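Okay, structure first, notes after.
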Amino acid sequence: MLYLGIDLGGTGIKAGITDETGRILCQDSCRTAPERGWEAVADDMALLAGKLQRQCGEVPAAAGVGIPGAVNPRTGAVLRCVNLNWNDVPLSDRLRKTLNMPVFVGNDANVAAAAEAAAGASRGIRDSVLLTLGTGVGSGIILDGRMREGVHGAAAEIGHTVLVAGGVPCSCGKRGCVDRYCSATGLIRMAEEELEHCPDSVLAGKKPDARMVLEAALDGDPAAEAAFDRYTDYLALTLNNIIHTLDPEVIILGGGVSGAGEALLRPVEQKLDKLLLFPELGRPEIRIAALGNDAGIIGAAMLARQGVQS
C-alpha cells in the first residue's frame with residue numbers, strides 16, 4: 001500500500017507519497033499563507049495530493065497530516081494551532097471529503113517520532129522517545145511500535161513538564177518548563193546571562209543565535225562554555241526523567257541544537273550516567289535524529305498507515 005503524508009507548517013506545506021516502509025516516492029510543496037483561512041489551506045493540501053497521485057499513478061490507501069498543535073485523536077479536529085491561529089478546525093472531515101480517503105491528523109512532533117521509528121534513527125526499535133531541541137522543545141513517544149497520543153491527543157508534551165519550580169516564565173503560562181531550559185531559545189538566554197560575568201566574550205555586543213553559542217563554546221569562549229554546561233545539565237535531567245518514566249530503548253535528539261552532534265552527546269551522556277537510579281540496568285542509547293526535513297512527510301504517512309491498520 002501507498003500512503004500520503006502532509007507536513008503542515010506556518011510558512012509551507014510539504015507533501016509526499018510513501019510506501020509501507022516510509023520511503024518517499026514523490027513529493028512537492030507550496031506556501032501555507034494561513035491568512036486566507038483554514039479552508040483555503042486545506043484545499044491547497046488537496047491540490048498537492050492530487051498532483052502527487054498523478055505523478056505516482058496510484059491512489060494512496062490513506063492520508064496523514066502532521067500539524068504544529070493539539071489534535072483530537074478521535075475526530076482529527078485541530079483543537080489549537082497557535083502558529084496558524086486555528087481553533088476547533090475540522091481538518092480531517094474537510095480533507096476526507098475532498099480526498100475521498102481516510103485521513104488521520106496528529107501533532108508534528110509525534111509524527112516525527114513515528115518517522116524516525118519507521119525509517120530513521122530508531123528504525124527497528126519498539127520503544128523510543130524523540131525530543132526536538134529547536135525554538136521550543138517538541139516530543140514524541142513510540143511505545144510497542146505505536147505512536148502514543150493519549151486520551152485527549154495531548155500526550156508527549158515533555159517540553160511543558162516543569163523542570164525548575166518557579167523558574168523562567170514559559171509561553172504556556174507556567175514557569176520553569178523544560179521548553180525554557182532545553183530549547184535553542186533557552187541556550188541563547190543562558191549565554192546572555194553569562195555575558196554579564198564575561199564582558200570579553202566573543203559574543204559580547206552581538207545578538208547571538210544558538211549556532212553562534214555552540215561554536216563559541218567549542219572554541220573555549222568562557223561565557224558560551226558556561227551556558228552550554230548549564231544547558232547540558234538541564235538536558236541530562238530531562239532525559240533522566242524520561243528514562244525513569246518510560247524506560248525506552250532509544251532517545252533521539254532532533255532540532256537545531258542537535259546539530260552539535262557528538263559535542264552535545266558526550267557531556268549529556270556523562271551527566272546522565274551520574275543521575276540514573278538503576279545504573280546496573282544500563283540506559284537508553286542517545287542518538288541524533290536522521291531524517292531532517294523529510295521527517296514530517298514520512299511521519300504523517302506512517303500515521304496514516306497506523307490508522308488504517310488499527
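The way I read the labels, and the way they are meant: chains A, B, ... in the order of the C-alpha cells, residue 1 as the first residue of every chain, and ligand 1 as the first ligand shown, with later ones counted on from there.
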
List as a PyMOL selection string the protein and nucleic acid residues near Ile243 in chain A, meaning an atom at most 8 Å away when only C-alpha atoms are counted, but skip any in the same chain fewer than 4 places from it.
chain A and resi 239+247-248+283-284

Neighbouring residues of His197 in chain A were defined as those with any atom within 12 Å, considering only C-alpha atoms; residues of the same chain fewer than 5 positions away were excluded. Please report them as a list in words.
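After dropping sequence-adjacent residues, the list is Met190, Ala191, Glu192, Ala204, Pro222, Ala223, Ala224, Ala226 and Ala227 of chain A.
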
Go ahead and dump the residues you just picked, N, CA and C atoms, as a PDB file, in the first residue's frame.
```
ATOM      1  N   MET A 190      20.670  31.666  28.359  1.00  0.00           N
ATOM      2  CA  MET A 190      21.732  31.381  29.324  1.00  0.00           C
ATOM      3  C   MET A 190      23.050  32.021  28.907  1.00  0.00           C
ATOM      4  N   ALA A 191      23.316  32.050  27.605  1.00  0.00           N
ATOM      5  CA  ALA A 191      24.533  32.716  27.129  1.00  0.00           C
ATOM      6  C   ALA A 191      24.477  34.209  27.429  1.00  0.00           C
ATOM      7  N   GLU A 192      23.327  34.822  27.220  1.00  0.00           N
ATOM      8  CA  GLU A 192      23.188  36.255  27.503  1.00  0.00           C
ATOM      9  C   GLU A 192      23.362  36.531  28.993  1.00  0.00           C
ATOM     10  N   ALA A 204      29.953  39.164  23.159  1.00  0.00           N
ATOM     11  CA  ALA A 204      29.612  40.482  23.709  1.00  0.00           C
ATOM     12  C   ALA A 204      29.287  41.458  22.584  1.00  0.00           C
ATOM     13  N   PRO A 222      34.547  31.564  27.404  1.00  0.00           N
ATOM     14  CA  PRO A 222      34.066  31.268  28.765  1.00  0.00           C
ATOM     15  C   PRO A 222      32.556  31.439  28.951  1.00  0.00           C
ATOM     16  N   ALA A 223      31.971  32.481  28.377  1.00  0.00           N
ATOM     17  CA  ALA A 223      30.536  32.691  28.531  1.00  0.00           C
ATOM     18  C   ALA A 223      29.744  31.576  27.839  1.00  0.00           C
ATOM     19  N   ALA A 224      30.147  31.250  26.625  1.00  0.00           N
ATOM     20  CA  ALA A 224      29.458  30.197  25.880  1.00  0.00           C
ATOM     21  C   ALA A 224      29.651  28.840  26.535  1.00  0.00           C
ATOM     22  N   ALA A 226      30.142  28.239  29.727  1.00  0.00           N
ATOM     23  CA  ALA A 226      29.323  28.200  30.949  1.00  0.00           C
ATOM     24  C   ALA A 226      27.858  27.979  30.614  1.00  0.00           C
ATOM     25  N   ALA A 227      27.375  28.641  29.561  1.00  0.00           N
ATOM     26  CA  ALA A 227      25.978  28.472  29.145  1.00  0.00           C
ATOM     27  C   ALA A 227      25.720  27.047  28.665  1.00  0.00           C
TER      28      ALA A 227
END
```

Contacts between range 51-64 of chain A and range 96-156 of chain A, please, where a residue of range 96-156 of chain A counts if it comes within 6 Å (with only C-alpha atoms); show its shortest atom pair and distance in Å to one decimal, rows by chain and ascending number, as a tab-separated table.
```
residue	atom	partner	partner_atom	distance
A:Met101	CA	A:Ala62	CA	5.5
A:Pro102	CA	A:Ala62	CA	4.9
A:Val103	CA	A:Ala63	CA	4.7
A:Phe104	CA	A:Gly64	CA	4.7
A:Val105	CA	A:Gly64	CA	5.7
```

Using only C-alpha atoms, determine which residues lie at most 10 Å from Ala46 in chain A, disregarding the query and same-chain residues fewer than 4 positions distant; provide the list as a CSV table (one decimal) with N, CA, C and O atoms, in the first residue's frame.
```csv
chain,number,residue,atom,x,y,z
A,6,ILE,N,1.4,14.6,4.8
A,6,ILE,CA,1.3,16.0,4.6
A,6,ILE,C,1.9,16.7,5.9
A,6,ILE,O,1.4,16.4,7.0
A,15,ALA,N,4.3,17.8,1.1
A,15,ALA,CA,3.5,16.5,1.0
A,15,ALA,C,4.3,15.5,0.1
A,15,ALA,O,5.1,15.9,-0.7
A,40,ALA,N,-9.0,27.4,2.8
A,40,ALA,CA,-8.1,27.6,1.7
A,40,ALA,C,-6.8,26.8,1.8
A,40,ALA,O,-6.3,26.2,0.9
A,41,VAL,N,-6.3,26.7,3.0
A,41,VAL,CA,-5.1,25.9,3.3
A,41,VAL,C,-5.4,24.4,3.1
A,41,VAL,O,-4.6,23.7,2.5
A,42,ALA,N,-6.6,24.0,3.6
A,42,ALA,CA,-7.0,22.6,3.4
A,42,ALA,C,-7.1,22.3,1.9
A,42,ALA,O,-6.8,21.2,1.4
A,50,GLY,N,-3.6,15.7,-5.1
A,50,GLY,CA,-3.9,15.3,-6.5
A,50,GLY,C,-2.8,15.3,-7.4
A,50,GLY,O,-2.6,14.4,-8.3
A,51,LYS,N,-1.9,16.3,-7.3
A,51,LYS,CA,-0.7,16.4,-8.2
A,51,LYS,C,0.2,15.2,-7.9
A,51,LYS,O,0.7,14.6,-8.9
A,52,LEU,N,0.4,14.8,-6.7
A,52,LEU,CA,1.2,13.7,-6.4
A,52,LEU,C,0.7,12.4,-6.8
A,52,LEU,O,1.4,11.5,-7.3
A,94,ARG,N,-12.9,17.8,6.5
A,94,ARG,CA,-12.7,18.5,5.2
A,94,ARG,C,-11.9,17.7,4.2
A,94,ARG,O,-12.3,17.5,3.0
A,95,LEU,N,-10.7,17.2,4.6
A,95,LEU,CA,-9.9,16.5,3.7
A,95,LEU,C,-10.4,15.2,3.3
A,95,LEU,O,-10.2,14.7,2.2
A,96,ARG,N,-11.1,14.5,4.3
A,96,ARG,CA,-11.7,13.2,3.9
A,96,ARG,C,-12.7,13.4,2.7
A,96,ARG,O,-12.8,12.5,1.9
A,97,LYS,N,-13.4,14.5,2.7
A,97,LYS,CA,-14.4,14.7,1.6
A,97,LYS,C,-13.7,15.1,0.3
A,97,LYS,O,-14.1,14.6,-0.7
A,98,THR,N,-12.7,15.9,0.4
A,98,THR,CA,-12.0,16.3,-0.8
A,98,THR,C,-11.1,15.3,-1.4
A,98,THR,O,-10.9,15.2,-2.6
A,99,LEU,N,-10.4,14.5,-0.5
A,99,LEU,CA,-9.5,13.4,-1.0
A,99,LEU,C,-10.2,12.1,-1.2
A,99,LEU,O,-9.6,11.2,-1.9
```

Could you name the residues that touch range 10-12 of chain A at 8 Å or less, counting only C-alpha atoms, but leaving out those on the same chain fewer than 3 positions away, as a compact mmCIF listing (two decimals) with C-alpha atoms, in the first residue's frame?
```txt
# COMPACT_ATOMS: atom_id res chain seq x y z
CA SER A 29 5.38 21.70 -1.61
CA CYS A 30 3.64 25.07 -1.60
CA ARG A 31 3.24 28.12 0.63
CA THR A 32 0.80 27.95 3.54
CA ALA A 33 -0.45 31.57 3.56
CA PRO A 34 -2.67 30.98 6.63
CA ASN A 83 1.17 29.25 14.50
CA LEU A 84 -1.82 29.21 12.17
```

Which parts of range 59-171 of chain A does DSSP call strand (DSSP E or B) when run on the backbone here, written out as JSON, numbers by chain?
{"A": [62, 63, 64, 65, 66, 67, 70, 71, 78, 79, 80, 81, 86, 87, 88, 89, 103, 104, 105, 106, 107, 128, 129, 130, 131, 132, 133, 137, 138, 139, 140, 141, 142, 143, 146, 147, 162, 169]}

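Closest approach to Ile298 in chain A among A:Leu91, A:Ala77, A:Ala117, A:Ala217: A:Ala117, based on only C-alpha atoms.
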
Which is closer to Val257 in chain A than all the others in A:Glu39, A:Glu20, A:Glu215, A:Glu196, using only C-alpha atoms?
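Closest residue, counting only C-alpha atoms: A:Glu215.
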
Spatial neighbours of range 71-75 of chain A, 10 Å, only C-alpha atoms, chain gap at least 5 places, as a PyMOL selection string:
chain A and resi 66+80-81+88-93+103-107+149-154

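Interatomic distance, CA of Ser183 in chain A to CA of Cys198 in chain A: 22.4 Å.
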
Interatomic distance, CA of Arg123 in chain A to CA of Lys271 in chain A (Å, one decimal):
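If I compute the distance from CA of Arg123 in chain A to CA of Lys271 in chain A, I get 26.2 Å.
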
Fewer than 4 positions away in the same chain doesn't count, so skip those; otherwise give me all residues within 10 Å of range 260-263 of chain A, counting only C-alpha atoms, as a ChimeraX atom specification.
/A:211,214-215,217-218,253-254,256,267-268,287-289

Output for the residues just chosen: all heavy atoms as a short mmCIF file (atom, residue, chain, number, x, y, z; two decimals), in the first residue's frame:
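The resulting file, result.cif, is reproduced below:
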```cif
data_model
loop_
_atom_site.label_atom_id
_atom_site.label_comp_id
_atom_site.auth_asym_id
_atom_site.auth_seq_id
_atom_site.Cartn_x
_atom_site.Cartn_y
_atom_site.Cartn_z
N ARG A 211 23.55 28.61 17.13
CA ARG A 211 24.75 28.12 16.44
C ARG A 211 25.97 28.91 16.89
O ARG A 211 27.05 28.33 17.11
CB ARG A 211 24.57 28.22 14.93
CG ARG A 211 25.80 27.79 14.15
CD ARG A 211 25.55 27.77 12.66
NE ARG A 211 24.61 26.72 12.31
CZ ARG A 211 24.25 26.44 11.05
NH1 ARG A 211 24.76 27.12 10.05
NH2 ARG A 211 23.39 25.47 10.81
N LEU A 214 27.01 27.67 20.33
CA LEU A 214 27.63 26.35 20.26
C LEU A 214 29.06 26.44 19.71
O LEU A 214 29.99 25.83 20.25
CB LEU A 214 26.79 25.42 19.40
CG LEU A 214 25.45 24.98 20.00
CD1 LEU A 214 24.59 24.31 18.94
CD2 LEU A 214 25.67 24.04 21.18
N GLU A 215 29.23 27.21 18.64
CA GLU A 215 30.57 27.34 18.04
C GLU A 215 31.54 28.02 19.01
O GLU A 215 32.70 27.62 19.13
CB GLU A 215 30.47 28.12 16.73
CG GLU A 215 29.78 27.35 15.61
CD GLU A 215 29.60 28.17 14.35
OE1 GLU A 215 29.84 29.40 14.40
OE2 GLU A 215 29.23 27.58 13.31
N ALA A 217 31.32 28.00 22.27
CA ALA A 217 31.61 27.05 23.36
C ALA A 217 32.69 26.06 22.96
O ALA A 217 33.61 25.76 23.73
CB ALA A 217 30.33 26.32 23.77
N LEU A 218 32.60 25.56 21.73
CA LEU A 218 33.60 24.61 21.24
C LEU A 218 34.96 25.26 21.08
O LEU A 218 36.00 24.58 21.16
CB LEU A 218 33.13 24.00 19.91
CG LEU A 218 31.88 23.13 19.98
CD1 LEU A 218 31.48 22.65 18.60
CD2 LEU A 218 32.11 21.93 20.90
N LEU A 253 17.52 12.83 19.70
CA LEU A 253 17.56 14.29 19.79
C LEU A 253 17.55 14.88 18.39
O LEU A 253 18.40 14.55 17.57
CB LEU A 253 18.81 14.75 20.54
CG LEU A 253 18.99 14.19 21.96
CD1 LEU A 253 20.28 14.73 22.58
CD2 LEU A 253 17.79 14.51 22.84
N GLY A 254 16.56 15.72 18.12
CA GLY A 254 16.47 16.41 16.85
C GLY A 254 16.42 17.91 17.06
O GLY A 254 16.62 18.41 18.16
N GLY A 256 17.49 22.06 15.95
CA GLY A 256 18.70 22.79 15.65
C GLY A 256 19.88 22.50 16.56
O GLY A 256 21.01 22.35 16.11
N PRO A 267 28.81 15.36 26.74
CA PRO A 267 28.56 15.86 28.09
C PRO A 267 27.21 15.42 28.64
O PRO A 267 27.08 15.18 29.85
CB PRO A 267 28.65 17.38 27.93
CG PRO A 267 28.41 17.64 26.49
CD PRO A 267 28.98 16.47 25.77
N VAL A 268 26.20 15.33 27.78
CA VAL A 268 24.88 14.90 28.26
C VAL A 268 24.93 13.47 28.77
O VAL A 268 24.40 13.16 29.84
CB VAL A 268 23.83 15.06 27.13
CG1 VAL A 268 22.53 14.38 27.52
CG2 VAL A 268 23.58 16.53 26.85
N ARG A 287 20.68 9.07 20.54
CA ARG A 287 21.06 9.20 19.14
C ARG A 287 20.59 10.55 18.59
O ARG A 287 19.64 11.15 19.09
CB ARG A 287 20.43 8.09 18.30
CG ARG A 287 20.84 6.68 18.70
CD ARG A 287 20.12 5.64 17.85
NE ARG A 287 20.48 4.27 18.22
CZ ARG A 287 19.92 3.19 17.70
NH1 ARG A 287 18.97 3.31 16.76
NH2 ARG A 287 20.29 1.98 18.10
N ILE A 288 21.23 10.98 17.52
CA ILE A 288 20.83 12.19 16.80
C ILE A 288 19.84 11.79 15.70
O ILE A 288 20.03 10.77 15.01
CB ILE A 288 22.05 12.90 16.18
CG1 ILE A 288 23.04 13.30 17.28
CG2 ILE A 288 21.61 14.11 15.36
CD1 ILE A 288 22.51 14.29 18.29
N ALA A 289 18.78 12.57 15.54
CA ALA A 289 17.76 12.29 14.51
C ALA A 289 18.40 12.24 13.13
O ALA A 289 19.38 12.94 12.85
CB ALA A 289 16.67 13.36 14.55
#
```

Hey, what does DSSP flag as helix (DSSP H, G or I) within range 55-303 of chain A? Can you give it to me as JSON, numbers by chain?
{"A": [55, 56, 82, 83, 84, 91, 92, 93, 94, 95, 96, 97, 98, 99, 108, 109, 110, 111, 112, 113, 114, 115, 116, 117, 118, 119, 158, 159, 160, 178, 179, 180, 181, 182, 184, 185, 186, 187, 188, 189, 190, 191, 192, 193, 194, 210, 211, 212, 213, 214, 215, 216, 217, 218, 222, 223, 224, 225, 226, 227, 228, 229, 230, 231, 232, 233, 234, 235, 236, 237, 238, 239, 240, 241, 242, 243, 244, 245, 246, 256, 257, 258, 259, 260, 262, 263, 264, 265, 266, 267, 268, 269, 270, 271, 272, 273, 279, 280, 281, 292, 293, 294, 295, 296, 297, 298, 299, 300, 301, 302, 303]}

Counting only C-alpha atoms, which of A:Gly255, A:Gly134, A:Gly120, A:Pro208 gets nearest to Glu193 in chain A?
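That would be A:Pro208, the residue with the smallest distance to Glu193 in chain A.
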